[in-house]
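Trainee: Input structure: target_17.pdb, which contains PDB, C-alpha atoms and all ligand atoms.
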ATOM      1  CA  MET A   1       8.839  -6.622 -18.588  1.00  0.00           C
ATOM      2  CA  HIS A   2      10.342  -3.286 -17.588  1.00  0.00           C
ATOM      3  CA  THR A   3      11.622  -2.926 -14.093  1.00  0.00           C
ATOM      4  CA  PHE A   4      10.163  -0.487 -11.628  1.00  0.00           C
ATOM      5  CA  LYS A   5      13.270   1.686 -11.745  1.00  0.00           C
ATOM      6  CA  ASN A   6      13.280   1.870 -15.523  1.00  0.00           C
ATOM      7  CA  GLY A   7       9.703   2.980 -15.802  1.00  0.00           C
ATOM      8  CA  TYR A   8       8.705   5.303 -13.079  1.00  0.00           C
ATOM      9  CA  ASN A   9      10.281   7.411 -10.369  1.00  0.00           C
ATOM     10  CA  ASN A  10       8.887  10.081  -8.037  1.00  0.00           C
ATOM     11  CA  ASP A  11       5.592  10.462  -9.921  1.00  0.00           C
ATOM     12  CA  ILE A  12       7.393  10.985 -13.248  1.00  0.00           C
ATOM     13  CA  TRP A  13       7.792   8.556 -16.135  1.00  0.00           C
ATOM     14  CA  ILE A  14      11.491   8.176 -16.785  1.00  0.00           C
ATOM     15  CA  GLY A  15      12.524   9.259 -20.291  1.00  0.00           C
ATOM     16  CA  GLN A  16       9.198  10.941 -20.994  1.00  0.00           C
ATOM     17  CA  GLY A  17       9.115  13.658 -18.349  1.00  0.00           C
ATOM     18  CA  GLN A  18       5.360  13.234 -17.941  1.00  0.00           C
ATOM     19  CA  ALA A  19       3.540  12.878 -14.676  1.00  0.00           C
ATOM     20  CA  TYR A  20       2.447   9.407 -13.679  1.00  0.00           C
ATOM     21  CA  THR A  21      -1.212   8.607 -14.198  1.00  0.00           C
ATOM     22  CA  VAL A  22      -3.136   5.502 -13.236  1.00  0.00           C
ATOM     23  CA  SER A  23      -4.262   4.892 -16.811  1.00  0.00           C
ATOM     24  CA  GLY A  24      -0.674   5.311 -18.009  1.00  0.00           C
ATOM     25  CA  GLY A  25       0.436   2.813 -15.417  1.00  0.00           C
ATOM     26  CA  LEU A  26      -2.153   0.340 -16.594  1.00  0.00           C
ATOM     27  CA  GLN A  27      -1.081   0.695 -20.194  1.00  0.00           C
ATOM     28  CA  TRP A  28       2.538   0.195 -19.275  1.00  0.00           C
ATOM     29  CA  LEU A  29       1.706  -2.820 -17.186  1.00  0.00           C
ATOM     30  CA  SER A  30       0.367  -4.639 -20.184  1.00  0.00           C
ATOM     31  CA  ASP A  31      -0.081  -7.919 -18.399  1.00  0.00           C
ATOM     32  CA  ALA A  32      -2.351  -6.527 -15.697  1.00  0.00           C
ATOM     33  CA  LYS A  33      -5.375  -8.714 -14.993  1.00  0.00           C
ATOM     34  CA  PRO A  34      -8.302  -6.358 -14.429  1.00  0.00           C
ATOM     35  CA  ALA A  35     -10.760  -9.154 -13.691  1.00  0.00           C
ATOM     36  CA  VAL A  36      -9.336  -9.989 -10.313  1.00  0.00           C
ATOM     37  CA  LEU A  37     -10.538  -8.279  -7.182  1.00  0.00           C
ATOM     38  CA  TRP A  38      -7.277  -6.712  -6.158  1.00  0.00           C
ATOM     39  CA  PHE A  39      -7.574  -4.556  -9.238  1.00  0.00           C
ATOM     40  CA  TYR A  40     -10.233  -2.447  -7.560  1.00  0.00           C
ATOM     41  CA  VAL A  41      -8.035  -1.880  -4.533  1.00  0.00           C
ATOM     42  CA  ALA A  42      -4.842  -1.304  -6.518  1.00  0.00           C
ATOM     43  CA  TRP A  43      -6.313   1.265  -8.907  1.00  0.00           C
ATOM     44  CA  ASN A  44      -8.730   3.015  -6.599  1.00  0.00           C
ATOM     45  CA  LYS A  45      -8.585   6.630  -7.730  1.00  0.00           C
ATOM     46  CA  SER A  46      -8.135   7.782  -4.132  1.00  0.00           C
ATOM     47  CA  ASN A  47      -4.768   6.011  -4.012  1.00  0.00           C
ATOM     48  CA  ILE A  48      -1.479   7.849  -4.102  1.00  0.00           C
ATOM     49  CA  PRO A  49       0.028   6.714  -7.462  1.00  0.00           C
ATOM     50  CA  LYS A  50       3.346   5.509  -6.071  1.00  0.00           C
ATOM     51  CA  HIS A  51       1.417   3.464  -3.486  1.00  0.00           C
ATOM     52  CA  SER A  52      -0.639   1.823  -6.249  1.00  0.00           C
ATOM     53  CA  PHE A  53       2.443   0.878  -8.138  1.00  0.00           C
ATOM     54  CA  ILE A  54       4.129  -0.945  -5.264  1.00  0.00           C
ATOM     55  CA  TYR A  55       0.816  -2.580  -4.393  1.00  0.00           C
ATOM     56  CA  TRP A  56       0.487  -3.828  -7.970  1.00  0.00           C
ATOM     57  CA  LEU A  57       4.003  -5.287  -7.895  1.00  0.00           C
ATOM     58  CA  ARG A  58       3.253  -6.903  -4.546  1.00  0.00           C
ATOM     59  CA  SER A  59       0.029  -8.387  -5.901  1.00  0.00           C
ATOM     60  CA  HIS A  60       2.000 -10.051  -8.685  1.00  0.00           C
ATOM     61  CA  ASN A  61       4.888 -11.176  -6.435  1.00  0.00           C
ATOM     62  CA  ARG A  62       7.256  -9.011  -8.432  1.00  0.00           C
ATOM     63  CA  LEU A  63       8.967  -7.046  -5.714  1.00  0.00           C
ATOM     64  CA  LEU A  64      12.602  -8.056  -5.396  1.00  0.00           C
ATOM     65  CA  THR A  65      12.354  -9.807  -2.056  1.00  0.00           C
ATOM     66  CA  LYS A  66      15.318 -11.684  -0.650  1.00  0.00           C
ATOM     67  CA  HIS A  67      13.560 -14.930  -1.499  1.00  0.00           C
ATOM     68  CA  ARG A  68      13.471 -13.991  -5.180  1.00  0.00           C
ATOM     69  CA  LEU A  69      17.037 -12.704  -5.161  1.00  0.00           C
ATOM     70  CA  LYS A  70      18.251 -15.926  -3.589  1.00  0.00           C
ATOM     71  CA  ARG A  71      16.372 -17.983  -6.137  1.00  0.00           C
ATOM     72  CA  ILE A  72      18.233 -16.306  -8.994  1.00  0.00           C
ATOM     73  CA  GLY A  73      21.567 -16.650  -7.205  1.00  0.00           C
ATOM     74  CA  ILE A  74      22.212 -13.018  -6.282  1.00  0.00           C
ATOM     75  CA  ILE A  75      22.240 -13.514  -2.515  1.00  0.00           C
ATOM     76  CA  HIS A  76      22.480 -16.501  -0.186  1.00  0.00           C
ATOM     77  CA  ASP A  77      20.725 -15.218   2.925  1.00  0.00           C
ATOM     78  CA  GLU A  78      16.972 -14.654   2.789  1.00  0.00           C
ATOM     79  CA  VAL A  79      16.158 -13.746   6.378  1.00  0.00           C
ATOM     80  CA  CYS A  80      13.640 -10.914   6.668  1.00  0.00           C
ATOM     81  CA  TYR A  81      15.216  -7.478   7.240  1.00  0.00           C
ATOM     82  CA  LEU A  82      12.366  -6.365   9.491  1.00  0.00           C
ATOM     83  CA  CYS A  83      11.961  -9.220  11.969  1.00  0.00           C
ATOM     84  CA  GLY A  84      15.185 -11.154  11.448  1.00  0.00           C
ATOM     85  CA  VAL A  85      13.317 -14.423  12.003  1.00  0.00           C
ATOM     86  CA  ASP A  86      11.721 -15.881   8.896  1.00  0.00           C
ATOM     87  CA  ASP A  87      12.522 -15.908   5.200  1.00  0.00           C
ATOM     88  CA  GLU A  88      11.537 -12.780   3.321  1.00  0.00           C
ATOM     89  CA  THR A  89       8.907 -13.949   0.872  1.00  0.00           C
ATOM     90  CA  HIS A  90       6.017 -11.783  -0.315  1.00  0.00           C
ATOM     91  CA  THR A  91       3.640 -13.711   1.905  1.00  0.00           C
ATOM     92  CA  HIS A  92       5.837 -13.357   4.938  1.00  0.00           C
ATOM     93  CA  LEU A  93       6.636  -9.681   4.450  1.00  0.00           C
ATOM     94  CA  PHE A  94       3.078  -8.470   3.905  1.00  0.00           C
ATOM     95  CA  TYR A  95       0.929 -10.984   5.775  1.00  0.00           C
ATOM     96  CA  GLU A  96       2.928 -12.810   8.428  1.00  0.00           C
ATOM     97  CA  CYS A  97       5.889 -10.726   9.595  1.00  0.00           C
ATOM     98  CA  GLN A  98       5.495  -9.693  13.226  1.00  0.00           C
ATOM     99  CA  TYR A  99       6.962  -6.305  12.484  1.00  0.00           C
ATOM    100  CA  SER A 100       4.853  -5.496   9.455  1.00  0.00           C
ATOM    101  CA  ARG A 101       1.685  -6.658  11.226  1.00  0.00           C
ATOM    102  CA  LYS A 102       2.090  -3.596  13.418  1.00  0.00           C
ATOM    103  CA  TYR A 103       1.254  -1.434  10.429  1.00  0.00           C
ATOM    104  CA  ILE A 104      -2.087  -3.127   9.894  1.00  0.00           C
ATOM    105  CA  THR A 105      -2.944  -2.982  13.586  1.00  0.00           C
ATOM    106  CA  LEU A 106      -2.131   0.718  13.699  1.00  0.00           C
ATOM    107  CA  LEU A 107      -4.183   1.386  10.585  1.00  0.00           C
ATOM    108  CA  GLN A 108      -7.163  -0.482  12.000  1.00  0.00           C
ATOM    109  CA  GLN A 109      -6.941   1.470  15.231  1.00  0.00           C
ATOM    110  CA  PHE A 110      -6.552   4.749  13.496  1.00  0.00           C
ATOM    111  CA  LEU A 111      -9.400   4.263  11.025  1.00  0.00           C
ATOM    112  CA  ARG A 112     -11.578   2.533  13.616  1.00  0.00           C
ATOM    113  CA  VAL A 113     -12.454  -0.285  11.294  1.00  0.00           C
ATOM    114  CA  ASN A 114     -11.876  -3.984  11.494  1.00  0.00           C
ATOM    115  CA  PHE A 115     -10.779  -6.030   8.549  1.00  0.00           C
ATOM    116  CA  ARG A 116      -8.592  -9.014   7.987  1.00  0.00           C
ATOM    117  CA  LEU A 117      -5.846  -7.973   5.660  1.00  0.00           C
ATOM    118  CA  GLU A 118      -6.258 -10.960   3.374  1.00  0.00           C
ATOM    119  CA  LEU A 119      -9.994 -10.240   3.106  1.00  0.00           C
ATOM    120  CA  LEU A 120      -9.685  -6.561   2.371  1.00  0.00           C
ATOM    121  CA  HIS A 121     -10.826  -7.024  -1.207  1.00  0.00           C
ATOM    122  CA  HIS A 122     -14.075  -8.528  -0.001  1.00  0.00           C
ATOM    123  CA  TRP A 123     -14.406  -5.942   2.724  1.00  0.00           C
ATOM    124  CA  THR A 124     -14.006  -3.122   0.257  1.00  0.00           C
ATOM    125  CA  LYS A 125     -16.370  -4.662  -2.277  1.00  0.00           C
ATOM    126  CA  ASN A 126     -19.077  -6.262  -0.230  1.00  0.00           C
ATOM    127  CA  ASN A 127     -19.449  -4.723   3.188  1.00  0.00           C
ATOM    128  CA  ARG A 128     -22.899  -3.186   3.109  1.00  0.00           C
ATOM    129  CA  GLY A 129     -22.490  -1.282   6.357  1.00  0.00           C
ATOM    130  CA  ILE A 130     -19.752   0.838   4.822  1.00  0.00           C
ATOM    131  CA  SER A 131     -20.270   3.672   2.375  1.00  0.00           C
ATOM    132  CA  ARG A 132     -18.477   3.970  -0.930  1.00  0.00           C
ATOM    133  CA  MET A 133     -16.458   6.866   0.415  1.00  0.00           C
ATOM    134  CA  GLN A 134     -15.300   4.825   3.405  1.00  0.00           C
ATOM    135  CA  ARG A 135     -14.374   1.872   1.214  1.00  0.00           C
ATOM    136  CA  GLN A 136     -12.259   4.090  -1.002  1.00  0.00           C
ATOM    137  CA  LEU A 137     -10.487   5.785   1.870  1.00  0.00           C
ATOM    138  CA  VAL A 138      -9.778   2.560   3.762  1.00  0.00           C
ATOM    139  CA  GLY A 139      -8.607   0.842   0.578  1.00  0.00           C
ATOM    140  CA  ALA A 140      -6.297   3.743  -0.286  1.00  0.00           C
ATOM    141  CA  CYS A 141      -4.843   3.702   3.239  1.00  0.00           C
ATOM    142  CA  HIS A 142      -4.272  -0.034   3.028  1.00  0.00           C
ATOM    143  CA  VAL A 143      -2.458   0.344  -0.294  1.00  0.00           C
ATOM    144  CA  GLY A 144      -0.398   3.093   1.341  1.00  0.00           C
ATOM    145  CA  VAL A 145       0.524   0.818   4.226  1.00  0.00           C
ATOM    146  CA  VAL A 146       1.768  -1.840   1.819  1.00  0.00           C
ATOM    147  CA  TYR A 147       3.994   0.862   0.338  1.00  0.00           C
ATOM    148  CA  ALA A 148       5.132   1.881   3.835  1.00  0.00           C
ATOM    149  CA  ILE A 149       6.124  -1.703   4.696  1.00  0.00           C
ATOM    150  CA  TRP A 150       8.202  -1.968   1.538  1.00  0.00           C
ATOM    151  CA  GLU A 151       9.715   1.448   2.262  1.00  0.00           C
ATOM    152  CA  ALA A 152      10.588   0.343   5.820  1.00  0.00           C
ATOM    153  CA  ARG A 153      12.138  -2.850   4.517  1.00  0.00           C
ATOM    154  CA  ASN A 154      14.316  -0.903   2.061  1.00  0.00           C
ATOM    155  CA  HIS A 155      15.262   1.641   4.698  1.00  0.00           C
ATOM    156  CA  THR A 156      16.474  -1.113   7.018  1.00  0.00           C
ATOM    157  CA  LYS A 157      18.333  -2.785   4.185  1.00  0.00           C
ATOM    158  CA  HIS A 158      20.257   0.368   3.274  1.00  0.00           C
ATOM    159  CA  ASN A 159      20.592   2.124   6.633  1.00  0.00           C
ATOM    160  CA  ASP A 160      20.698  -0.662   9.198  1.00  0.00           C
ATOM    161  CA  SER A 161      18.069   1.183  11.221  1.00  0.00           C
ATOM    162  CA  ILE A 162      14.290   0.985  11.446  1.00  0.00           C
ATOM    163  CA  LEU A 163      11.499   3.406  10.640  1.00  0.00           C
ATOM    164  CA  MET A 164       8.731   3.931  13.165  1.00  0.00           C
ATOM    165  CA  PRO A 165       5.502   2.258  11.959  1.00  0.00           C
ATOM    166  CA  ARG A 166       3.387   4.817  13.795  1.00  0.00           C
ATOM    167  CA  VAL A 167       5.060   7.718  11.994  1.00  0.00           C
ATOM    168  CA  GLN A 168       4.744   6.027   8.622  1.00  0.00           C
ATOM    169  CA  VAL A 169       1.082   5.073   9.056  1.00  0.00           C
ATOM    170  CA  LYS A 170       0.292   8.576  10.213  1.00  0.00           C
ATOM    171  CA  GLU A 171       1.898   9.971   7.062  1.00  0.00           C
ATOM    172  CA  VAL A 172       0.004   7.517   4.842  1.00  0.00           C
ATOM    173  CA  VAL A 173      -3.323   8.564   6.325  1.00  0.00           C
ATOM    174  CA  ARG A 174      -2.413  12.234   6.044  1.00  0.00           C
ATOM    175  CA  MET A 175      -1.526  11.865   2.366  1.00  0.00           C
ATOM    176  CA  VAL A 176      -4.636   9.850   1.551  1.00  0.00           C
ATOM    177  CA  LYS A 177      -6.919  12.268   3.359  1.00  0.00           C
ATOM    178  CA  GLN A 178      -5.325  15.205   1.578  1.00  0.00           C
ATOM    179  CA  ARG A 179      -5.806  13.554  -1.811  1.00  0.00           C
ATOM    180  CA  PHE A 180      -9.310  12.535  -0.890  1.00  0.00           C
ATOM    181  CA  TRP A 181     -10.312  16.079   0.021  1.00  0.00           C
ATOM    182  CA  SER A 182      -8.644  17.531  -3.078  1.00  0.00           C
ATOM    183  CA  MET A 183     -10.823  15.286  -5.248  1.00  0.00           C
ATOM    184  CA  ASN A 184     -13.879  16.752  -3.541  1.00  0.00           C
ATOM    185  CA  GLU A 185     -16.280  14.342  -5.206  1.00  0.00           C
ATOM    186  CA  TYR A 186     -18.589  13.465  -2.409  1.00  0.00           C
ATOM    187  CA  SER A 187     -21.383  15.155  -0.661  1.00  0.00           C
ATOM    188  CA  LEU A 188     -20.775  13.612   2.727  1.00  0.00           C
ATOM    189  CA  SER A 189     -23.444  12.396   5.105  1.00  0.00           C
ATOM    190  CA  ASP A 190     -23.406  13.303   8.792  1.00  0.00           C
ATOM    191  CA  LYS A 191     -22.284   9.747   9.590  1.00  0.00           C
ATOM    192  CA  GLU A 192     -19.353  10.006   7.160  1.00  0.00           C
ATOM    193  CA  LEU A 193     -18.362  13.429   8.466  1.00  0.00           C
ATOM    194  CA  HIS A 194     -18.398  12.055  11.997  1.00  0.00           C
ATOM    195  CA  TRP A 195     -16.200   9.129  10.959  1.00  0.00           C
ATOM    196  CA  LEU A 196     -13.719  11.446   9.289  1.00  0.00           C
ATOM    197  CA  ALA A 197     -13.675  13.659  12.353  1.00  0.00           C
ATOM    198  CA  THR A 198     -12.618  10.693  14.477  1.00  0.00           C
ATOM    199  CA  ILE A 199      -9.567  10.138  12.292  1.00  0.00           C
ATOM    200  CA  LYS A 200      -7.278  12.640  13.860  1.00  0.00           C
ATOM    201  CA  SER A 201      -3.540  12.414  13.550  1.00  0.00           C
ATOM    202  CA  GLN A 202      -2.963  13.671  17.066  1.00  0.00           C
ATOM    203  CA  ASN A 203      -4.737  10.621  18.497  1.00  0.00           C
ATOM    204  CA  MET A 204      -2.268   8.163  17.042  1.00  0.00           C
TER     205      MET A 204
HETATM  206 ZN    ZN B   1       9.717 -10.542   8.967  1.00  0.00          ZN
END
Step by step, read the file and then write its structure as structure tokens.
Mentor:
Amino acid sequence: MHTFKNGYNNDIWIGQGQAYTVSGGLQWLSDAKPAVLWFYVAWNKSNIPKHSFIYWLRSHNRLLTKHRLKRIGIIHDEVCYLCGVDDETHTHLFYECQYSRKYITLLQQFLRVNFRLELLHHWTKNNRGISRMQRQLVGACHVGVVYAIWEARNHTKHNDSILMPRVQVKEVVRMVKQRFWSMNEYSLSDKELHWLATIKSQNM
């Protein structure tokens, strides 16, 4: 298995000089399991590629959390960088950490939708009150927030300071919306246009 750093950096494949693509990422990640539901969230074409990649690693518990580093003898302390309370496992960092939960709360408020993080896959696949466009945009924002949490964790690790969740979530939504509009695939209904109009950065 290649490491993240050996394969891909800043939207460019290292050693090849080619831009990252989702299909290229899938080929490289030869042990991906497309049958599972997270696949549809991870490789949603509305996602920002670097967000998808971190989300994929998270889904397979392959991010180098302190828990993993301690297990292989590299470090001895595994207390979470963000909250300083519990051990930094994948489950803690992305589902339980008091600090990282702020990201999900902010995203829910900003998008004006309600979903339980652990049920997002079902929400994005099965919620009949939500259009395909809304599912894609919410899913892409969620994947972006996972990236933002990992980014915040690394920032705190290296800089001994914290990033503002509100600023990061705002940037995630801005990036996703920009990508979404650039794809220009949908003929939007009045209801969808109204929903998009409510998502305004200045209200965050
Ligand atoms: Zn924590």
Trainee: Mind giving me the straight-line distance from atom CA of Asn61 of chain A to atom CA of Gly84 of chain A in Å, one decimal?
Mentor: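 Between atom CA of Asn61 of chain A and atom CA of Gly84 of chain A the gap is 20.6 Å.
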Trainee: When the PyMOL selection byres (((not hetatm)) within 7 of (chain B and resi 1)) is applied to the file above, which residues end up in the set, as a ChimeraX atom specification?
Mentor: /A:80-86,88,92-93,97-99
Trainee: Please indicate the distance in Å from atom CA of Thr65 of chain A to atom CA of Glu96 of chain A, rounded to one decimal place.
Mentor: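 Separating atom CA of Thr65 of chain A from atom CA of Glu96 of chain A is a distance of 14.4 Å.
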Trainee: I'd like to know which of A:Met183, A:Ile48, A:Ala197, A:Val145 is closest to Thr105 of chain A, using only C-alpha atoms.
Mentor: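 Among A:Met183, A:Ile48, A:Ala197, A:Val145, it is A:Val145 that comes nearest to Thr105 of chain A.
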Trainee: Using all atoms listed in the file for the distances, tell me which of A:Trp195, A:Lys66, A:Lys45, A:Arg58 is nearest to Ser131 of chain A.
Mentor: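 Of A:Trp195, A:Lys66, A:Lys45, A:Arg58, the one nearest Ser131 of chain A is A:Trp195, counting all atoms listed in the file.
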Trainee: Quick one: pull the distance between atom CA of Met175 of chain A and atom CA of Leu57 of chain A, Å, one decimal.
Mentor: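 Rounded to one decimal, the two atoms are 20.7 Å apart.
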Trainee: Using all atoms listed in the file, determine which residues lie at most 10 Å from Leu63 of chain A, disregarding the query and same-chain residues fewer than 4 positions distant; provide the list as a list in words.
Mentor: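 In the requested format, the answer is Thr3, Phe4, Ile54, Tyr55, Trp56, Leu57, Arg58, Ser59, Arg68, Leu69, Thr89, His90 and Trp150 of chain A.
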Trainee: Of the candidates A:Ile75, A:Phe53, A:Ile130, A:Asp87, which one gets nearest to Lys191 of chain A if we count all atoms listed in the file?
Mentor: A:Ile130
Trainee: Spell out the residues picked by the PyMOL selection byres (((chain A and resi 165) around 10) and not hetatm) here, as JSON, numbers by chain.
Mentor: {"A": [99, 100, 101, 102, 103, 104, 106, 107, 145, 148, 149, 152, 162, 163, 164, 166, 167, 168, 169, 170, 171]}
Trainee: I'd like the contact shell of His142 of chain A - 9 Å cut-off, only C-alpha atoms, skipping same-chain residues fewer than 2 positions apart - returned as a ChimeraX atom specification.
Mentor: /A:41,104,107,117,120,137-140,144-147,172
